[in-house]
>>> print(open('data17.cif').read())   # mmCIF, C-alpha atoms
data_input
#
loop_
_atom_site.label_atom_id
_atom_site.label_comp_id
_atom_site.auth_asym_id
_atom_site.auth_seq_id
_atom_site.Cartn_x
_atom_site.Cartn_y
_atom_site.Cartn_z
CA MET A 1 -36.05 14.60 -50.52
CA THR A 2 -39.29 15.99 -51.87
CA SER A 3 -40.50 15.55 -55.43
CA THR A 4 -43.35 16.37 -57.79
CA GLN A 5 -44.36 13.95 -60.55
CA SER A 6 -44.25 14.98 -64.21
CA SER A 7 -44.83 13.04 -67.44
CA ASN A 8 -42.01 14.64 -69.48
CA SER A 9 -39.12 12.51 -70.68
CA ILE A 10 -36.06 13.17 -72.82
CA PHE A 11 -35.94 9.58 -74.09
CA SER A 12 -36.92 9.03 -77.74
CA GLU A 13 -39.29 6.27 -78.76
CA THR A 14 -36.71 4.27 -80.71
CA ASP A 15 -35.49 0.70 -80.52
CA PHE A 16 -33.17 1.45 -77.57
CA ASN A 17 -31.33 -1.34 -75.80
CA LEU A 18 -28.39 -1.54 -73.42
CA LEU A 19 -26.47 -4.78 -73.93
CA GLU A 20 -23.88 -5.81 -71.36
CA ASP A 21 -21.13 -8.43 -71.53
CA SER A 22 -21.59 -11.34 -69.16
CA GLU A 23 -18.13 -11.39 -67.57
CA GLU A 24 -17.78 -10.38 -63.94
CA ALA A 25 -16.30 -7.02 -62.98
CA ASP A 26 -12.73 -7.03 -61.67
CA ASN A 27 -13.41 -6.14 -58.04
CA HIS A 28 -14.20 -2.46 -58.67
CA ASN A 29 -10.89 -1.82 -60.47
CA SER A 30 -12.32 -1.47 -63.99
CA ALA A 31 -15.43 -0.11 -65.67
CA ALA A 32 -17.12 -3.47 -64.95
CA THR A 33 -18.79 -4.95 -68.03
CA ALA A 34 -18.70 -2.52 -70.93
CA THR A 35 -21.99 -0.97 -71.97
CA ARG A 36 -22.96 -1.59 -75.58
CA LEU A 37 -25.53 0.58 -77.35
CA SER A 38 -27.61 -0.99 -80.10
CA LEU A 39 -30.11 1.40 -81.72
CA LYS A 40 -32.10 1.52 -84.94
CA PHE A 41 -34.38 4.15 -86.43
CA GLN A 42 -36.20 4.16 -89.77
CA LEU A 43 -36.46 7.63 -91.29
CA ASP A 44 -39.35 8.76 -93.46
CA GLU A 45 -39.62 11.42 -96.14
CA SER A 46 -40.14 14.20 -93.61
CA TYR A 47 -36.36 14.21 -93.07
CA LEU A 48 -35.60 14.76 -96.78
CA GLY A 49 -32.77 17.25 -97.36
CA GLN A 50 -31.73 17.60 -93.72
CA ARG A 51 -28.17 17.01 -92.48
CA ILE A 52 -27.77 13.55 -91.04
CA ASP A 53 -26.04 14.78 -87.85
CA GLN A 54 -28.99 17.09 -87.16
CA VAL A 55 -31.44 14.27 -87.83
CA ALA A 56 -29.57 11.87 -85.54
CA ALA A 57 -29.67 14.48 -82.76
CA MET A 58 -33.45 14.80 -83.21
CA VAL A 59 -33.96 11.03 -83.28
CA TRP A 60 -31.74 10.25 -80.29
CA LYS A 61 -32.22 13.33 -78.13
CA GLU A 62 -30.56 11.68 -75.15
CA TYR A 63 -27.13 12.02 -76.80
CA SER A 64 -25.30 15.21 -77.72
CA ARG A 65 -24.90 16.11 -81.37
CA GLU A 66 -21.13 16.15 -80.95
CA LYS A 67 -21.12 12.62 -79.54
CA LEU A 68 -23.31 11.39 -82.42
CA LYS A 69 -21.02 13.08 -84.96
CA GLN A 70 -18.02 11.38 -83.42
CA TRP A 71 -19.74 7.99 -83.59
CA MET A 72 -20.57 8.73 -87.23
CA LYS A 73 -16.94 9.55 -88.03
CA ASP A 74 -15.75 6.41 -86.20
CA GLY A 75 -18.11 4.19 -88.20
CA HIS A 76 -20.43 3.30 -85.33
CA LEU A 77 -23.43 5.23 -86.64
CA LEU A 78 -24.33 4.00 -90.13
CA VAL A 79 -26.87 5.06 -92.77
CA ASN A 80 -28.27 2.13 -94.75
CA GLY A 81 -25.32 0.11 -93.44
CA ALA A 82 -22.70 2.52 -94.78
CA THR A 83 -20.54 5.24 -93.25
CA VAL A 84 -21.42 8.81 -94.19
CA LYS A 85 -20.10 12.24 -93.27
CA PRO A 86 -22.07 14.36 -90.78
CA LYS A 87 -22.97 16.81 -93.56
CA TYR A 88 -24.69 14.07 -95.61
CA ARG A 89 -28.18 15.19 -96.72
CA CYS A 90 -31.03 12.74 -96.20
CA GLU A 91 -32.64 11.36 -99.35
CA GLY A 92 -35.61 9.87 -97.53
CA ASN A 93 -36.42 6.54 -95.85
CA GLU A 94 -32.86 5.76 -94.69
CA LEU A 95 -32.24 3.30 -91.88
CA LEU A 96 -30.03 4.60 -89.07
CA THR A 97 -28.15 2.05 -86.98
CA LEU A 98 -25.87 2.67 -84.03
CA GLU A 99 -23.67 -0.07 -82.62
CA VAL A 100 -21.04 1.08 -80.14
CA GLU A 101 -19.33 -0.20 -77.02
CA LEU A 102 -18.62 2.62 -74.61
CA GLU A 103 -14.94 3.03 -73.84
CA VAL A 104 -13.23 4.08 -70.64
CA GLN A 105 -13.09 7.89 -70.57
CA ILE A 106 -11.18 8.48 -67.34
CA GLY A 107 -7.95 7.02 -66.02
CA ALA A 108 -8.39 7.72 -62.31
CA VAL A 109 -8.09 4.80 -59.89
CA ALA A 110 -11.11 3.52 -57.99
CA GLU A 111 -10.73 3.92 -54.20
CA ASP A 112 -12.90 2.62 -51.38
CA ILE A 113 -13.81 6.01 -49.91
CA PRO A 114 -17.12 6.38 -48.03
CA LEU A 115 -19.76 8.51 -49.76
CA ASP A 116 -22.78 10.20 -48.20
CA ILE A 117 -25.32 9.32 -50.88
CA VAL A 118 -28.56 11.26 -50.43
CA TYR A 119 -30.32 9.59 -53.38
CA GLU A 120 -29.47 7.02 -56.04
CA ASP A 121 -31.22 5.16 -58.86
CA ASP A 122 -30.16 3.70 -62.23
CA ASP A 123 -29.54 7.16 -63.73
CA ILE A 124 -28.28 9.58 -61.07
CA MET A 125 -26.56 9.86 -57.71
CA VAL A 126 -26.96 12.86 -55.42
CA ILE A 127 -24.02 13.11 -53.02
CA ASN A 128 -23.50 15.24 -49.92
CA LYS A 129 -19.79 16.03 -50.36
CA ALA A 130 -17.71 16.24 -47.21
CA VAL A 131 -15.58 19.25 -46.27
CA GLY A 132 -12.01 18.81 -47.52
CA MET A 133 -12.78 16.38 -50.34
CA VAL A 134 -11.40 17.44 -53.72
CA VAL A 135 -13.88 16.73 -56.50
CA HIS A 136 -11.54 15.88 -59.38
CA PRO A 137 -8.00 14.40 -59.42
CA GLY A 138 -5.33 16.88 -60.43
CA ALA A 139 -1.84 18.13 -59.71
CA GLY A 140 -1.20 17.52 -56.03
CA ASN A 141 -4.45 15.56 -55.61
CA PRO A 142 -4.18 12.35 -57.66
CA ASN A 143 -6.06 10.28 -55.09
CA GLY A 144 -8.69 10.58 -52.40
CA THR A 145 -11.05 12.62 -54.56
CA LEU A 146 -14.77 12.36 -55.13
CA ILE A 147 -14.16 10.85 -58.57
CA ASN A 148 -11.94 8.12 -57.08
CA ALA A 149 -14.79 7.31 -54.69
CA ILE A 150 -17.43 7.33 -57.45
CA LEU A 151 -15.37 4.93 -59.58
CA PHE A 152 -15.30 2.43 -56.72
CA HIS A 153 -18.98 2.79 -55.88
CA TYR A 154 -20.08 2.58 -59.53
CA PRO A 155 -17.27 1.32 -61.81
CA LYS A 156 -19.22 1.91 -65.03
CA SER A 157 -18.89 5.65 -64.42
CA ALA A 158 -15.42 5.28 -65.99
CA GLU A 159 -17.25 5.23 -69.34
CA LEU A 160 -18.35 8.82 -68.81
CA ALA A 161 -16.41 12.05 -69.09
CA ARG A 162 -15.45 13.23 -65.57
CA ALA A 163 -17.04 10.01 -64.25
CA GLY A 164 -20.50 11.54 -64.70
CA LEU A 165 -19.89 14.81 -62.87
CA VAL A 166 -21.76 17.68 -64.48
CA HIS A 167 -20.88 20.38 -61.93
CA ARG A 168 -18.53 20.72 -59.00
CA ILE A 169 -18.07 22.52 -55.70
CA ASP A 170 -14.82 23.65 -54.10
CA LYS A 171 -12.73 21.36 -51.90
CA ASP A 172 -13.69 23.11 -48.65
CA THR A 173 -17.33 23.70 -49.57
CA SER A 174 -19.68 21.05 -48.25
CA GLY A 175 -22.97 19.92 -49.73
CA LEU A 176 -24.86 18.57 -52.70
CA LEU A 177 -23.65 17.41 -56.09
CA VAL A 178 -25.47 15.38 -58.73
CA VAL A 179 -23.63 12.70 -60.70
CA ALA A 180 -24.91 11.06 -63.89
CA LYS A 181 -24.64 7.26 -64.18
CA ASN A 182 -25.06 7.01 -67.97
CA LEU A 183 -24.62 9.09 -71.12
CA GLU A 184 -28.31 9.96 -71.41
CA ALA A 185 -28.46 11.31 -67.86
CA GLN A 186 -25.22 13.21 -68.29
CA PHE A 187 -26.45 14.94 -71.43
CA SER A 188 -29.82 15.78 -69.85
CA LEU A 189 -28.27 17.26 -66.70
CA SER A 190 -25.72 19.21 -68.73
CA LYS A 191 -28.56 20.71 -70.79
CA GLN A 192 -30.44 21.62 -67.62
CA LEU A 193 -27.39 23.42 -66.26
CA ALA A 194 -26.89 25.25 -69.57
CA LYS A 195 -30.53 26.34 -69.54
CA LYS A 196 -30.17 27.45 -65.89
CA THR A 197 -33.01 25.22 -64.73
CA VAL A 198 -31.00 23.37 -62.06
CA TYR A 199 -31.86 24.90 -58.67
CA ARG A 200 -28.82 25.40 -56.42
CA LEU A 201 -29.21 27.04 -53.02
CA TYR A 202 -26.27 27.71 -50.69
CA ASP A 203 -26.00 28.73 -47.03
CA LEU A 204 -23.10 31.05 -46.20
CA VAL A 205 -21.83 33.32 -43.44
CA VAL A 206 -20.20 36.64 -44.39
CA TYR A 207 -18.38 39.38 -42.53
CA GLY A 208 -20.51 42.46 -41.91
CA GLN A 209 -24.23 43.16 -41.63
CA VAL A 210 -26.01 42.79 -44.96
CA ILE A 211 -29.13 44.98 -44.92
CA ALA A 212 -31.30 43.26 -47.51
CA GLY A 213 -31.31 40.64 -50.24
CA GLY A 214 -30.65 41.32 -53.88
CA THR A 215 -28.93 40.13 -57.05
CA ILE A 216 -25.26 40.35 -57.99
CA ASP A 217 -24.86 40.41 -61.77
CA GLU A 218 -21.14 40.83 -62.44
CA PRO A 219 -18.84 39.02 -64.90
CA ILE A 220 -16.11 36.73 -63.54
CA LYS A 221 -12.76 35.75 -65.03
CA ARG A 222 -9.34 34.55 -63.87
CA HIS A 223 -7.43 37.12 -61.81
CA PRO A 224 -4.75 38.67 -64.05
CA VAL A 225 -1.99 38.44 -61.40
CA ASP A 226 -2.97 35.84 -58.79
CA ARG A 227 -3.93 32.82 -60.90
CA ILE A 228 -5.42 31.01 -57.91
CA LYS A 229 -8.12 33.64 -57.67
CA MET A 230 -11.08 34.62 -59.80
CA ALA A 231 -12.25 38.22 -59.98
CA VAL A 232 -15.05 40.47 -61.19
CA LEU A 233 -13.57 41.93 -64.37
CA PRO A 234 -14.82 43.33 -67.70
CA GLY A 235 -14.84 40.68 -70.38
CA GLY A 236 -15.48 37.89 -67.92
CA ARG A 237 -18.20 35.28 -68.22
CA ASP A 238 -21.71 36.23 -67.14
CA ALA A 239 -22.29 35.42 -63.47
CA ILE A 240 -25.54 35.96 -61.58
CA THR A 241 -26.16 35.31 -57.87
CA HIS A 242 -29.48 35.96 -56.11
CA TYR A 243 -29.45 36.17 -52.32
CA ASN A 244 -31.60 36.68 -49.22
CA VAL A 245 -30.67 37.54 -45.64
CA LYS A 246 -31.57 34.72 -43.23
CA GLU A 247 -29.95 35.82 -39.92
CA ARG A 248 -28.16 38.97 -38.80
CA PHE A 249 -25.54 38.89 -36.06
CA LEU A 250 -23.64 41.85 -34.62
CA HIS A 251 -20.69 41.52 -37.00
CA PHE A 252 -21.78 38.78 -39.41
CA THR A 253 -24.73 37.75 -41.59
CA ARG A 254 -26.06 34.35 -42.60
CA ILE A 255 -27.26 34.39 -46.17
CA GLN A 256 -28.87 32.01 -48.64
CA ALA A 257 -27.64 32.44 -52.19
CA GLN A 258 -29.15 30.94 -55.34
CA LEU A 259 -26.88 30.41 -58.32
CA GLU A 260 -28.26 31.27 -61.75
CA THR A 261 -24.86 30.54 -63.29
CA GLY A 262 -22.05 28.35 -62.00
CA ARG A 263 -18.70 30.07 -62.40
CA THR A 264 -15.60 29.05 -60.47
CA HIS A 265 -15.69 30.55 -56.93
CA GLN A 266 -18.80 32.51 -57.97
CA ILE A 267 -20.35 33.06 -54.53
CA ARG A 268 -16.98 33.77 -52.91
CA VAL A 269 -16.01 36.27 -55.60
CA HIS A 270 -19.38 38.02 -55.76
CA PHE A 271 -19.70 38.60 -52.01
CA ASN A 272 -16.10 39.70 -51.72
CA TYR A 273 -16.77 42.16 -54.56
CA ILE A 274 -19.72 43.81 -52.74
CA GLY A 275 -17.72 44.09 -49.53
CA PHE A 276 -19.00 41.09 -47.58
CA PRO A 277 -16.38 38.31 -47.90
CA LEU A 278 -17.11 34.85 -46.58
CA LEU A 279 -15.98 34.09 -43.04
CA GLY A 280 -12.93 31.81 -43.05
CA ASP A 281 -12.21 32.12 -46.79
CA PRO A 282 -8.48 31.33 -47.13
CA VAL A 283 -8.22 32.74 -50.66
CA TYR A 284 -10.24 35.95 -50.65
CA VAL A 285 -9.69 37.06 -47.03
CA SER A 286 -6.06 37.92 -46.29
CA ARG A 287 -6.29 37.58 -42.51
CA VAL A 288 -8.72 36.59 -39.77
CA ARG A 289 -10.96 39.54 -38.91
CA MET A 290 -11.78 39.45 -35.22
CA PRO A 291 -14.68 41.62 -33.94
CA ALA A 292 -13.81 44.06 -31.18
CA GLY A 293 -14.74 42.67 -27.77
CA ALA A 294 -15.18 39.11 -29.08
CA SER A 295 -15.50 36.50 -26.34
CA GLU A 296 -12.87 33.80 -25.96
CA LEU A 297 -15.34 31.23 -27.37
CA LEU A 298 -16.06 33.38 -30.42
CA GLN A 299 -12.35 34.02 -31.03
CA THR A 300 -11.58 30.31 -30.79
CA THR A 301 -14.45 29.42 -33.10
CA ILE A 302 -13.50 31.97 -35.76
CA ARG A 303 -9.80 31.10 -35.69
CA GLY A 304 -10.66 27.40 -35.83
CA PHE A 305 -12.92 27.78 -38.86
CA LYS A 306 -10.27 27.49 -41.57
CA ARG A 307 -12.46 27.24 -44.65
CA GLN A 308 -15.02 29.36 -46.41
CA ALA A 309 -18.34 29.22 -44.55
CA LEU A 310 -20.27 27.82 -47.50
CA HIS A 311 -22.63 24.86 -47.79
CA ALA A 312 -24.55 23.62 -50.84
CA PHE A 313 -27.83 23.19 -49.00
CA LYS A 314 -30.47 22.47 -51.64
CA LEU A 315 -30.43 21.01 -55.16
CA GLY A 316 -33.36 20.79 -57.57
CA LEU A 317 -33.44 19.12 -60.99
CA ILE A 318 -35.60 17.27 -63.52
CA HIS A 319 -34.99 13.53 -63.49
CA PRO A 320 -33.41 12.58 -66.84
CA ARG A 321 -35.61 9.53 -67.43
CA SER A 322 -38.94 10.15 -65.69
CA GLY A 323 -39.18 13.92 -66.07
CA GLU A 324 -39.97 14.12 -62.35
CA GLU A 325 -39.14 17.38 -60.56
CA MET A 326 -36.85 16.45 -57.68
CA MET A 327 -35.56 18.51 -54.74
CA PHE A 328 -32.86 17.42 -52.29
CA GLU A 329 -31.52 18.93 -49.08
CA ALA A 330 -28.36 18.28 -47.07
CA PRO A 331 -27.96 19.27 -43.40
CA TRP A 332 -25.15 21.56 -42.37
CA SER A 333 -21.80 19.98 -41.63
CA ASP A 334 -20.88 19.91 -37.93
CA ASP A 335 -18.40 22.78 -38.18
CA PHE A 336 -20.89 25.04 -39.99
CA LYS A 337 -23.63 24.21 -37.50
CA ASN A 338 -21.32 24.95 -34.57
CA LEU A 339 -20.24 28.25 -36.13
CA VAL A 340 -23.82 29.48 -36.48
CA GLU A 341 -24.74 28.36 -32.96
CA VAL A 342 -21.77 30.26 -31.49
CA LEU A 343 -22.65 33.38 -33.50
CA ARG A 344 -26.22 33.21 -32.21
CA THR A 345 -25.06 33.21 -28.59
CA GLU A 346 -21.76 35.14 -28.70
CA ASN A 347 -22.41 37.69 -31.47
CA ALA A 348 -26.13 38.27 -31.25
CA ALA A 349 -27.45 41.48 -32.83
CA TYR A 350 -28.90 44.06 -30.46
#
>>> encode(input="data17.cif", output="structure tokens")
Amino acid sequence: MTSTQSSNSIFSETDFNLLEDSEEADNHNSAATATRLSLKFQLDESYLGQRIDQVAAMVWKEYSREKLKQWMKDGHLLVNGATVKPKYRCEGNELLTLEVELEVQIGAVAEDIPLDIVYEDDDIMVINKAVGMVVHPGAGNPNGTLINAILFHYPKSAELARAGLVHRIDKDTSGLLVVAKNLEAQFSLSKQLAKKTVYRLYDLVVYGQVIAGGTIDEPIKRHPVDRIKMAVLPGGRDAITHYNVKERFLHFTRIQAQLETGRTHQIRVHFNYIGFPLLGDPVYVSRVRMPAGASELLQTTIRGFKRQALHAFKLGLIHPRSGEEMMFEAPWSDDFKNLVEVLRTENAAY
């Protein structure tokens, strides 16, 4: 990990305290002791006439406006000790108080699954996800997922939506993910992703010789017939991928791609769209494409690589509390490393 220090911080200068119950956690099977927020802020006349939900979002910038509105509606966020509607207009000099115990937001079961944690502190975890690990429990994958592992490692993540995950990578894609460990960090990281300031760099191997780098700016939406797939289609969500050629082989190319947006299957869809699908992709490549004259070793390696050749190599972000610029790297998984080494020797470009 490399990092550069900065003095920025998203945390407001209010009376902010985290109060925790004293009872012991139940052996990783619950959200441990519940987190209780206790905040106060005295308004002045500069807020006169403004909506109280807007004011609360300015005062406590570490929480989303929608979360603050919900706390207001539930009676946790009070104005002069009384409940008010989010559209209430400030009259000047009100006292805002917030008293809330965070509730469990996710029902997944904690499981003792090893995690490759690249970095961790009180606010974030950066994880190097293994090949084959599903990120989120779902139909057909209720257990053994990254979220099950996170809940065991840090039980209080059950208080957060998606256990603190703010982005995801596909089951058979290896590499880096950042996980928030509290509401403030989750909101900060979500804002960074929305503003496209999170740096995400991927290594991939595609079929064919890519001549030069460039940018793919094509909208992506669900495939109209095959619902497992995504596709470049009019009316889809904006999707932008920047890429550079790193190594050329006789029939393949190793590329580094930087995501500006983060759509489902974005890299896989974009490179398939421009005619260079990812080696091994089980969804977007209908059959194994074997180069003419391939050696026995190359044939074995290609047939044995049964996933998309994609690795989330580098991740950059602003630390939610300190404002520090942080950059993380994860080495290639063994299968990806072996694939590239075989291509270098068995499919070298002339």
>>> atom_distance(input="data17.cif", atom1="CA of Asn338 in chain A", atom2="CA of Ala309 in chain A")
11.3 Å
>>> closest_residue(input="data17.cif", among="A:Glu218, A:Asp335, A:Asp170, A:Glu103", to="Phe271 in chain A", atoms="all atoms listed in the file")
A:Glu218
>>> residues_near_point(input="data17.cif", point="(-20.6, 13.5, -82.1)", cutoff="12 Å", atoms="all atoms listed in the file", output="PyMOL selection string")
chain A and resi 52-54+56-57+60+63-77+85-86
>>> resolve_selection(input="data17.cif", expression="the PyMOL selection byres ((chain A and resi 96-98) around 8)", output="MDAnalysis selection string")
chainID A and resid 37:43 76:81 94:95 99:100
>>> residues_around(input="data17.cif", residues="Ala108 in chain A", least_positions_apart="3", cutoff="10 Å", atoms="only C-alpha atoms", output="short mmCIF file (atom, residue, chain, number, x, y, z; two decimals) with C-alpha atoms, in the coordinates of the input")
data_model
loop_
_atom_site.label_atom_id
_atom_site.label_comp_id
_atom_site.auth_asym_id
_atom_site.auth_seq_id
_atom_site.Cartn_x
_atom_site.Cartn_y
_atom_site.Cartn_z
CA GLN A 105 -13.09 7.89 -70.57
CA GLU A 111 -10.73 3.92 -54.20
CA HIS A 136 -11.54 15.88 -59.38
CA PRO A 137 -8.00 14.40 -59.42
CA GLY A 138 -5.33 16.88 -60.43
CA PRO A 142 -4.18 12.35 -57.66
CA ASN A 143 -6.06 10.28 -55.09
CA THR A 145 -11.05 12.62 -54.56
CA ILE A 147 -14.16 10.85 -58.57
CA ASN A 148 -11.94 8.12 -57.08
CA ALA A 149 -14.79 7.31 -54.69
CA LEU A 151 -15.37 4.93 -59.58
CA ALA A 158 -15.42 5.28 -65.99
CA ARG A 162 -15.45 13.23 -65.57
CA ALA A 163 -17.04 10.01 -64.25
#
>>> resolve_selection(input="data17.cif", expression="the PyMOL selection byres ((chain A and resi 214) around 6)", output="list of chain:residue names")
A:Gly213, A:Thr215, A:His242, A:Tyr243
